[in-house]
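Undergrad: Just so it is clear, I am handing over upload26.cif, which has mmCIF, C-alpha atoms.
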```
data_input
#
loop_
_atom_site.label_atom_id
_atom_site.label_comp_id
_atom_site.auth_asym_id
_atom_site.auth_seq_id
_atom_site.Cartn_x
_atom_site.Cartn_y
_atom_site.Cartn_z
CA MET A 1 79.60 -138.64 62.65
CA LYS A 2 75.83 -138.73 62.89
CA THR A 3 74.57 -141.96 61.31
CA THR A 4 71.15 -143.37 60.42
CA ILE A 5 70.73 -147.08 59.67
CA VAL A 6 67.89 -148.37 57.45
CA VAL A 7 66.79 -152.03 57.65
CA PRO A 8 63.76 -153.69 55.98
CA THR A 9 62.30 -156.78 57.62
CA ILE A 10 59.32 -159.11 57.96
CA ARG A 11 60.87 -161.37 60.62
CA GLU A 12 60.65 -160.49 64.31
CA ASN A 13 63.21 -163.02 65.53
CA CYS A 14 65.67 -162.09 62.80
CA MET A 15 65.26 -158.40 63.60
CA ARG A 16 65.84 -158.96 67.30
CA ASP A 17 68.96 -161.02 66.60
CA PHE A 18 70.17 -158.27 64.25
CA LEU A 19 69.72 -155.53 66.86
CA GLU A 20 71.42 -157.63 69.52
CA ALA A 21 74.40 -158.36 67.26
CA TRP A 22 74.88 -154.70 66.36
CA LYS A 23 73.89 -153.11 69.69
CA ASN A 24 77.38 -151.88 70.59
CA GLU A 25 78.24 -150.72 67.09
CA PHE A 26 74.94 -148.88 66.63
CA ALA A 27 74.59 -147.55 70.18
CA HIS A 28 74.85 -143.94 69.02
CA ALA A 29 73.14 -144.34 65.65
CA HIS A 30 69.46 -143.99 64.78
CA VAL A 31 68.12 -147.31 63.44
CA ILE A 32 65.07 -147.17 61.16
CA VAL A 33 63.24 -150.49 60.80
CA VAL A 34 60.77 -150.67 57.90
CA GLU A 35 58.50 -153.64 58.48
CA ASP A 36 56.99 -154.92 55.25
CA ASN A 37 53.54 -155.51 56.75
CA PRO A 38 50.28 -153.50 56.88
CA THR A 39 50.86 -152.67 60.56
CA ARG A 40 53.65 -153.28 63.06
CA THR A 41 53.35 -156.92 64.13
CA PHE A 42 55.96 -156.86 66.90
CA ASP A 43 57.23 -154.38 69.47
CA LEU A 44 60.76 -152.97 69.52
CA GLY A 45 59.88 -150.39 72.17
CA SER A 46 62.75 -151.35 74.46
CA CYS A 47 65.26 -150.22 71.83
CA LYS A 48 65.47 -146.49 72.49
CA ASN A 49 67.39 -145.58 69.33
CA VAL A 50 65.08 -147.54 66.99
CA SER A 51 62.17 -146.16 64.94
CA HIS A 52 59.80 -148.85 63.67
CA TYR A 53 57.53 -148.21 60.66
CA SER A 54 55.06 -150.22 58.57
CA TRP A 55 52.76 -149.68 55.57
CA GLU A 56 50.40 -147.77 57.83
CA ASP A 57 53.04 -145.12 58.46
CA ILE A 58 53.95 -144.94 54.78
CA ASP A 59 50.32 -144.39 53.80
CA ASN A 60 49.68 -141.81 56.53
CA GLU A 61 52.78 -139.76 55.77
CA LEU A 62 53.00 -139.94 51.99
CA GLY A 63 49.29 -139.93 51.22
CA ASP A 64 48.53 -139.86 47.50
CA VAL A 65 52.09 -140.84 46.55
CA ALA A 66 52.45 -143.69 49.08
CA TRP A 67 52.15 -146.09 46.11
CA ILE A 68 55.73 -145.29 45.07
CA ILE A 69 56.92 -147.39 48.03
CA PRO A 70 56.42 -151.00 46.87
CA ARG A 71 55.11 -153.71 49.20
CA ARG A 72 56.13 -157.34 49.71
CA THR A 73 59.64 -156.64 48.52
CA ASP A 74 62.88 -155.43 50.07
CA THR A 75 62.54 -152.14 48.16
CA VAL A 76 60.08 -151.04 50.83
CA ARG A 77 63.29 -149.77 52.41
CA SER A 78 63.10 -146.67 50.20
CA TYR A 79 60.71 -145.22 52.77
CA GLY A 80 63.52 -145.60 55.29
CA TYR A 81 65.80 -143.54 53.06
CA TYR A 82 63.24 -140.75 53.05
CA LYS A 83 62.98 -140.85 56.86
CA ALA A 84 66.76 -141.00 57.19
CA TYR A 85 67.12 -137.97 54.92
CA LEU A 86 64.90 -136.01 57.30
CA ASP A 87 67.39 -136.80 60.11
CA GLN A 88 70.06 -134.91 58.12
CA PRO A 89 72.84 -137.25 59.27
CA ASP A 90 76.40 -137.28 57.98
CA MET A 91 75.95 -140.82 56.66
CA ILE A 92 73.09 -143.22 55.92
CA VAL A 93 73.72 -146.98 55.93
CA THR A 94 71.32 -149.65 54.69
CA LEU A 95 71.64 -153.30 55.70
CA ASP A 96 69.61 -156.47 55.28
CA ASP A 97 68.31 -158.04 58.48
CA ASP A 98 70.43 -161.17 57.98
CA CYS A 99 73.72 -159.26 57.85
CA TYR A 100 75.89 -159.35 60.97
CA PRO A 101 79.28 -158.10 62.16
CA THR A 102 82.19 -160.14 60.85
CA GLY A 103 83.77 -160.54 64.27
CA VAL A 104 87.17 -159.50 62.91
CA ARG A 105 89.03 -157.16 65.21
CA GLY A 106 90.08 -153.83 63.83
CA GLU A 107 88.35 -150.68 62.64
CA ALA A 108 84.67 -150.48 63.56
CA PHE A 109 82.10 -151.13 60.82
CA LEU A 110 80.59 -147.62 60.71
CA ASP A 111 84.01 -146.00 61.05
CA THR A 112 85.22 -147.98 58.03
CA HIS A 113 82.25 -146.91 55.91
CA TRP A 114 82.88 -143.30 56.93
CA ARG A 115 86.61 -143.54 56.19
CA ARG A 116 85.87 -144.98 52.75
CA LEU A 117 83.53 -142.06 52.04
CA GLU A 118 85.96 -139.46 53.38
CA GLU A 119 89.06 -140.74 51.59
CA GLY A 120 87.48 -140.14 48.19
CA GLY A 121 87.83 -142.27 45.10
CA THR A 122 90.61 -142.61 42.57
CA THR A 123 90.26 -143.76 38.96
CA GLU A 124 92.59 -143.76 35.99
CA ALA A 125 92.58 -140.55 33.95
CA TRP A 126 95.26 -141.36 31.38
CA GLN A 127 95.49 -144.30 28.94
CA ALA A 128 98.80 -145.47 27.54
CA THR A 129 98.90 -145.88 23.75
CA GLY A 130 101.71 -148.40 23.57
CA THR A 131 102.74 -151.58 25.32
CA GLY A 132 106.00 -152.26 27.13
CA VAL A 133 107.00 -148.61 27.36
CA ILE A 134 105.32 -145.32 28.35
CA THR A 135 105.57 -142.80 25.52
CA ARG A 136 106.20 -139.08 25.64
CA GLY A 137 103.61 -136.90 27.40
CA TYR A 138 102.30 -139.40 29.91
CA PRO A 139 102.52 -137.80 33.40
CA TYR A 140 105.02 -139.37 35.79
CA HIS A 141 102.93 -139.09 38.95
CA ASN A 142 99.66 -137.25 38.46
CA PHE A 143 97.79 -139.61 36.13
CA ARG A 144 94.77 -140.50 38.26
CA ARG A 145 91.53 -138.70 38.92
CA ARG A 146 90.48 -138.22 42.57
CA TRP A 147 86.91 -137.25 43.42
CA ARG A 148 84.79 -136.92 46.52
CA CYS A 149 83.07 -140.21 47.39
CA VAL A 150 79.32 -140.09 48.05
CA LEU A 151 78.53 -143.83 48.18
CA ASN A 152 80.46 -146.77 49.57
CA HIS A 153 79.31 -150.23 48.51
CA GLY A 154 80.25 -152.64 51.31
CA MET A 155 80.71 -156.31 50.50
CA TRP A 156 79.89 -159.60 52.25
CA ASN A 157 81.43 -162.78 53.59
CA ARG A 158 79.93 -166.27 53.79
CA VAL A 159 76.94 -166.03 51.40
CA PRO A 160 77.60 -163.91 48.24
CA ASP A 161 74.87 -162.00 46.41
CA TYR A 162 74.40 -164.34 43.46
CA ASP A 163 71.59 -164.25 40.94
CA ALA A 164 69.57 -167.46 40.79
CA PRO A 165 71.31 -169.10 37.78
CA THR A 166 74.74 -168.43 39.28
CA GLN A 167 73.57 -169.68 42.67
CA LEU A 168 72.53 -172.96 41.05
CA VAL A 169 75.91 -173.36 39.35
CA GLN A 170 77.95 -172.29 42.37
CA ALA A 171 76.18 -174.80 44.59
CA ARG A 172 77.90 -177.50 42.51
CA LEU A 173 81.23 -175.83 41.67
CA GLY A 174 81.88 -174.13 45.00
CA HIS A 175 84.25 -171.49 43.64
CA PRO A 176 85.55 -169.11 46.35
CA PHE A 177 84.30 -165.53 46.40
CA GLY A 178 86.48 -162.54 47.20
CA PHE A 179 86.54 -158.77 46.76
CA GLU A 180 88.94 -155.86 46.74
CA ASN A 181 88.78 -152.21 47.66
CA GLN A 182 88.28 -150.15 44.54
CA SER A 183 86.74 -147.05 43.06
CA ILE A 184 84.31 -147.83 40.27
CA PRO A 185 85.90 -146.32 37.14
CA VAL A 186 84.30 -143.35 35.43
CA GLY A 187 82.03 -144.50 32.64
CA ARG A 188 81.49 -147.98 34.09
CA TYR A 189 78.55 -149.45 35.99
CA PHE A 190 78.55 -152.04 38.75
CA PRO A 191 76.04 -154.49 40.26
CA MET A 192 75.02 -152.64 43.42
CA CYS A 193 73.66 -154.95 46.12
CA GLY A 194 71.49 -153.17 48.68
CA MET A 195 72.43 -155.33 51.67
CA ASN A 196 75.40 -153.19 52.81
CA VAL A 197 75.66 -149.65 51.44
CA ALA A 198 76.67 -146.32 53.00
CA PHE A 199 75.88 -143.01 51.34
CA ARG A 200 75.70 -139.29 51.96
CA PRO A 201 72.22 -137.74 52.36
CA GLU A 202 72.56 -135.56 49.27
CA VAL A 203 72.38 -138.72 47.16
CA VAL A 204 68.90 -139.72 48.42
CA PRO A 205 66.79 -137.75 45.86
CA ALA A 206 68.38 -140.08 43.27
CA PHE A 207 68.57 -143.18 45.48
CA TYR A 208 65.29 -144.98 45.01
CA PHE A 209 64.92 -148.76 44.82
CA MET A 210 62.27 -148.86 42.09
CA LEU A 211 58.85 -150.47 41.73
CA MET A 212 59.27 -154.16 42.51
CA GLY A 213 57.43 -157.00 44.17
CA ARG A 214 53.85 -158.25 44.33
CA ASP A 215 52.24 -155.45 42.30
CA TYR A 216 54.72 -155.41 39.42
CA ALA A 217 56.23 -157.83 36.95
CA PHE A 218 59.74 -157.40 38.30
CA ASP A 219 61.59 -158.09 41.52
CA ARG A 220 65.19 -158.36 42.80
CA PHE A 221 66.40 -155.63 40.43
CA GLY A 222 65.49 -152.59 42.54
CA ASP A 223 68.96 -152.14 44.00
CA ILE A 224 70.74 -153.13 40.77
CA TRP A 225 68.90 -150.56 38.65
CA ALA A 226 69.19 -147.92 41.37
CA GLY A 227 72.95 -148.41 41.18
CA VAL A 228 72.95 -147.81 37.43
CA PHE A 229 71.08 -144.53 37.83
CA VAL A 230 73.19 -143.20 40.70
CA LYS A 231 76.47 -144.15 38.99
CA LYS A 232 75.50 -142.27 35.84
CA ILE A 233 74.72 -139.19 37.92
CA CYS A 234 77.93 -139.43 39.96
CA ASP A 235 80.01 -139.58 36.78
CA HIS A 236 78.26 -136.47 35.49
CA LEU A 237 78.52 -134.46 38.73
CA GLY A 238 82.10 -135.50 39.46
CA PHE A 239 81.63 -137.78 42.46
CA SER A 240 83.11 -141.18 43.18
CA ILE A 241 81.61 -144.51 44.23
CA ASN A 242 83.80 -146.93 46.18
CA SER A 243 83.32 -150.66 46.74
CA GLY A 244 84.91 -153.15 49.13
CA ASP A 245 85.32 -152.70 52.89
CA PRO A 246 83.67 -153.03 55.30
CA PRO A 247 82.14 -156.46 54.76
CA VAL A 248 79.30 -158.02 56.72
CA ASP A 249 78.58 -161.67 57.44
CA HIS A 250 75.63 -162.48 55.22
CA GLN A 251 74.18 -165.51 56.96
CA ARG A 252 71.21 -166.69 54.94
CA ALA A 253 71.00 -167.79 51.31
CA SER A 254 67.56 -167.02 49.90
CA ASN A 255 65.54 -169.71 48.13
CA VAL A 256 67.08 -170.21 44.70
CA TRP A 257 63.84 -171.32 43.01
CA ALA A 258 61.86 -168.39 44.38
CA ASN A 259 64.67 -166.09 43.23
CA LEU A 260 64.61 -167.60 39.76
CA ARG A 261 60.88 -166.93 39.42
CA LYS A 262 61.33 -163.36 40.62
CA GLU A 263 64.35 -162.57 38.47
CA ALA A 264 63.29 -164.15 35.18
CA PRO A 265 61.03 -161.30 33.93
CA GLY A 266 63.76 -158.70 34.50
CA LEU A 267 66.72 -160.48 32.95
CA GLU A 268 66.06 -159.22 29.42
CA ILE A 269 65.47 -155.62 30.51
CA ASN A 270 68.60 -155.72 32.63
CA GLU A 271 70.57 -156.25 29.40
CA THR A 272 69.35 -152.97 27.89
CA LEU A 273 68.20 -150.56 30.61
CA TRP A 274 71.72 -149.45 31.40
CA SER A 275 72.22 -148.56 27.73
CA ALA A 276 69.24 -146.19 27.80
CA VAL A 277 70.66 -144.57 30.94
CA ASP A 278 74.15 -144.45 29.48
CA SER A 279 73.02 -142.70 26.29
CA THR A 280 71.28 -139.89 28.19
CA ARG A 281 73.05 -136.55 28.17
CA LEU A 282 72.73 -135.04 31.63
CA THR A 283 72.73 -131.28 32.22
CA GLY A 284 71.40 -131.08 35.80
CA ALA A 285 73.47 -129.70 38.66
CA THR A 286 71.95 -131.76 41.49
CA PHE A 287 71.12 -135.40 42.11
CA GLY A 288 67.39 -134.65 41.99
CA ALA A 289 67.54 -132.71 38.73
CA CYS A 290 69.62 -135.41 37.07
CA TYR A 291 67.30 -138.13 38.33
CA ARG A 292 64.32 -136.44 36.72
CA GLN A 293 66.23 -136.34 33.44
CA LEU A 294 66.95 -140.06 33.71
CA ALA A 295 63.29 -140.75 34.42
CA ASP A 296 62.48 -139.09 31.11
CA SER A 297 65.05 -141.31 29.39
CA LEU A 298 63.28 -144.58 30.25
CA PRO A 299 62.22 -146.63 27.20
CA ARG A 300 58.79 -145.63 25.91
CA ASP A 301 58.11 -148.71 23.82
CA GLY A 302 58.63 -152.45 24.02
CA ALA A 303 57.11 -155.16 26.19
CA ALA A 304 57.66 -153.21 29.42
CA ARG A 305 56.11 -149.97 28.16
CA GLU A 306 53.40 -149.80 30.83
CA TYR A 307 55.86 -150.56 33.62
CA MET A 308 58.32 -147.92 32.42
CA THR A 309 55.54 -145.34 32.26
CA LYS A 310 54.62 -146.09 35.87
CA LEU A 311 58.25 -146.15 36.94
CA ARG A 312 58.85 -142.76 35.31
CA GLU A 313 55.96 -141.32 37.30
CA ALA A 314 57.27 -142.90 40.51
CA MET A 315 60.81 -141.61 40.04
CA ILE A 316 59.61 -138.05 39.51
CA ALA A 317 57.27 -138.29 42.52
CA TRP A 318 60.20 -139.55 44.59
CA THR A 319 62.33 -136.48 43.81
CA ARG A 320 59.44 -134.17 44.70
CA LEU A 321 59.40 -135.54 48.25
CA PHE A 322 62.61 -133.60 48.83
CA ASP A 323 61.60 -130.27 47.32
CA SER A 324 60.42 -128.94 50.68
CA CYS A 325 63.32 -130.31 52.73
CA PRO A 326 66.43 -129.89 50.60
CA ILE A 327 69.97 -130.52 51.77
CA PRO A 328 72.45 -128.19 50.00
CA PRO A 329 74.07 -129.98 47.06
CA ALA A 330 77.54 -131.35 47.76
CA ALA A 331 80.62 -129.92 46.13
CA PRO A 332 83.94 -131.70 45.68
CA ASP A 333 86.21 -131.30 48.73
CA ASP A 334 88.89 -128.63 48.48
CA ASP A 335 91.69 -131.20 48.76
CA LEU A 336 90.28 -133.40 46.01
CA THR A 337 90.58 -132.83 42.29
CA PRO A 338 87.63 -130.67 41.11
CA SER A 339 85.08 -132.14 38.77
CA ILE A 340 85.99 -131.85 35.11
CA GLY A 341 82.47 -132.52 33.90
CA VAL A 342 82.87 -136.08 32.66
CA ALA A 343 79.44 -137.33 31.53
#
```
Could you quickly redo this structure as structure tokens?
TA:
Amino acid sequence: MKTTIVVPTIRENCMRDFLEAWKNEFAHAHVIVVEDNPTRTFDLGSCKNVSHYSWEDIDNELGDVAWIIPRRTDTVRSYGYYKAYLDQPDMIVTLDDDCYPTGVRGEAFLDTHWRRLEEGGTTEAWQATGTGVITRGYPYHNFRRRWRCVLNHGMWNRVPDYDAPTQLVQARLGHPFGFENQSIPVGRYFPMCGMNVAFRPEVVPAFYFMLMGRDYAFDRFGDIWAGVFVKKICDHLGFSINSGDPPVDHQRASNVWANLRKEAPGLEINETLWSAVDSTRLTGATFGACYRQLADSLPRDGAAREYMTKLREAMIAWTRLFDSCPIPPAAPDDDLTPSIGVA
């Protein structure tokens, strides 16, 4: 499969270590590095399969709408999604620059992401009404829903993706962290971490990591809220999202106090934003059309009114980037159960 990798960074040494660690695995992939600086501050010219961008490239290419790509935040990687979309690969993968191969022998990292996308997703379609016995009418075998998978959420070893309060508690309790392979059930949301995600290009018009960082009141929720939006759309269009393998070794815990300052303003909104998304009735037939509908559903009052107005404008501008370079919308695979229009 043709694969494009997207990695945001501000650290030269970390980026060089990352490329060295993954050089065999990514030898035939296109790696897009989005440096979160005004210009490129280091040279990756010896890496022939690497494209290296900075704010300068974002401004030159996107012009009047370059503002929709935030600065001084990991969500600068959204520009990498746009560039990856133009590659028209089979699969796009985004990773943080402190994520490394696990070193466990077996199926290759990219092959595992691709397999998880290709095998589709399965969720329960029937609910028993009694306990202890299955009553009349419940199917014997065909009681699950199987849909085409368009996004695989890979997990992590070593350092989990905790929020700041949990990180403070876990530092004392030391509870082990684990994960399992699963399909996220229809009608449910999940906390999508952006450090290890694979997705099909048709998702990109609805895969935008929001306005975060130095110019806005919020940070560290760009990937979480993006996951809410894309899950709502997948449920409506009849596509699955998987989570689990392949993991990466996440090697660096971020500063808990800095995280707490960044997360605090968004904690209250995080309790309610998903409800506004969830209550929206979608009618669009593509990811882009549905994303525009969700932009219109953002809260128009409350303490974050000005932010939501700006975010609505940014989300719509994001979808318009793809109007002149569309990839045909995906349809469920022939060997998977067709969509039944669950909203």
Undergrad: Written as a PyMOL selection string, which residues does the PyMOL selection byres ((chain A and resi 313-324) around 7) give for the file shown?
TA: chain A and resi 68+205+288+292+295+309-312+325-326
Undergrad: Output C-alpha atoms for every residue in the selection just made, as a compact mmCIF listing (two decimals), in the coordinates of the input.
TA:
```txt
# COMPACT_ATOMS: atom_id res chain seq x y z
CA ILE A 68 55.73 -145.29 45.07
CA PRO A 205 66.79 -137.75 45.86
CA GLY A 288 67.39 -134.65 41.99
CA ARG A 292 64.32 -136.44 36.72
CA ALA A 295 63.29 -140.75 34.42
CA THR A 309 55.54 -145.34 32.26
CA LYS A 310 54.62 -146.09 35.87
CA LEU A 311 58.25 -146.15 36.94
CA ARG A 312 58.85 -142.76 35.31
CA CYS A 325 63.32 -130.31 52.73
CA PRO A 326 66.43 -129.89 50.60
```
Undergrad: Can you pull out every residue within 6 Å of stretch 92-106 of chain A, counting only C-alpha atoms, but drop anything in the same chain fewer than 5 positions away, and send it as a list of chain:residue names?
TA: A:Thr3, A:Thr4, A:Ile5, A:Val6, A:Val7, A:Met15, A:Met195, A:Asn196, A:Val197, A:Ala198, A:Phe199, A:Val248, A:Asp249, A:His250, A:Gln251
Undergrad: To one decimal in Å, tell me the separation between atom CA of A:Phe209 and atom CA of A:Asn24.
TA: 28.8 Å
Undergrad: I'd like to see the residues matched by the PyMOL selection byres ((chain A and resi 259-261) around 9) on this file, and ideally I'd get them as a VMD selection string.
TA: chain A and resid 163 to 165 219 to 220 254 to 258 262 to 265
Undergrad: Tell me, in Å to one decimal, how far atom CA of A:Gly187 is from atom CA of A:Asp90.
TA: 26.9 Å
Undergrad: Any chance you could work out the residue set of the PyMOL selection byres ((chain A and resi 214) around 10) here, as a count of residues only?
TA: 13
Undergrad: Taking into account all atoms listed in the file, which residue in the set A:Glu20, A:Arg144, A:Leu62, A:His153 is nearest to A:Gln127?
TA: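 Nearest candidate to A:Gln127 out of A:Glu20, A:Arg144, A:Leu62, A:His153: A:Arg144.
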Undergrad: Can you measure atom CA of A:Ala226 to atom CA of A:Asp17 for me? One decimal in Å is fine.
TA: 28.4 Å
Undergrad: I'd like the contact shell of A:His141 - 12 Å cut-off, all atoms listed in the file, skipping same-chain residues fewer than 4 positions apart - returned as a PyMOL selection string.
TA: chain A and resi 124-126+137+145
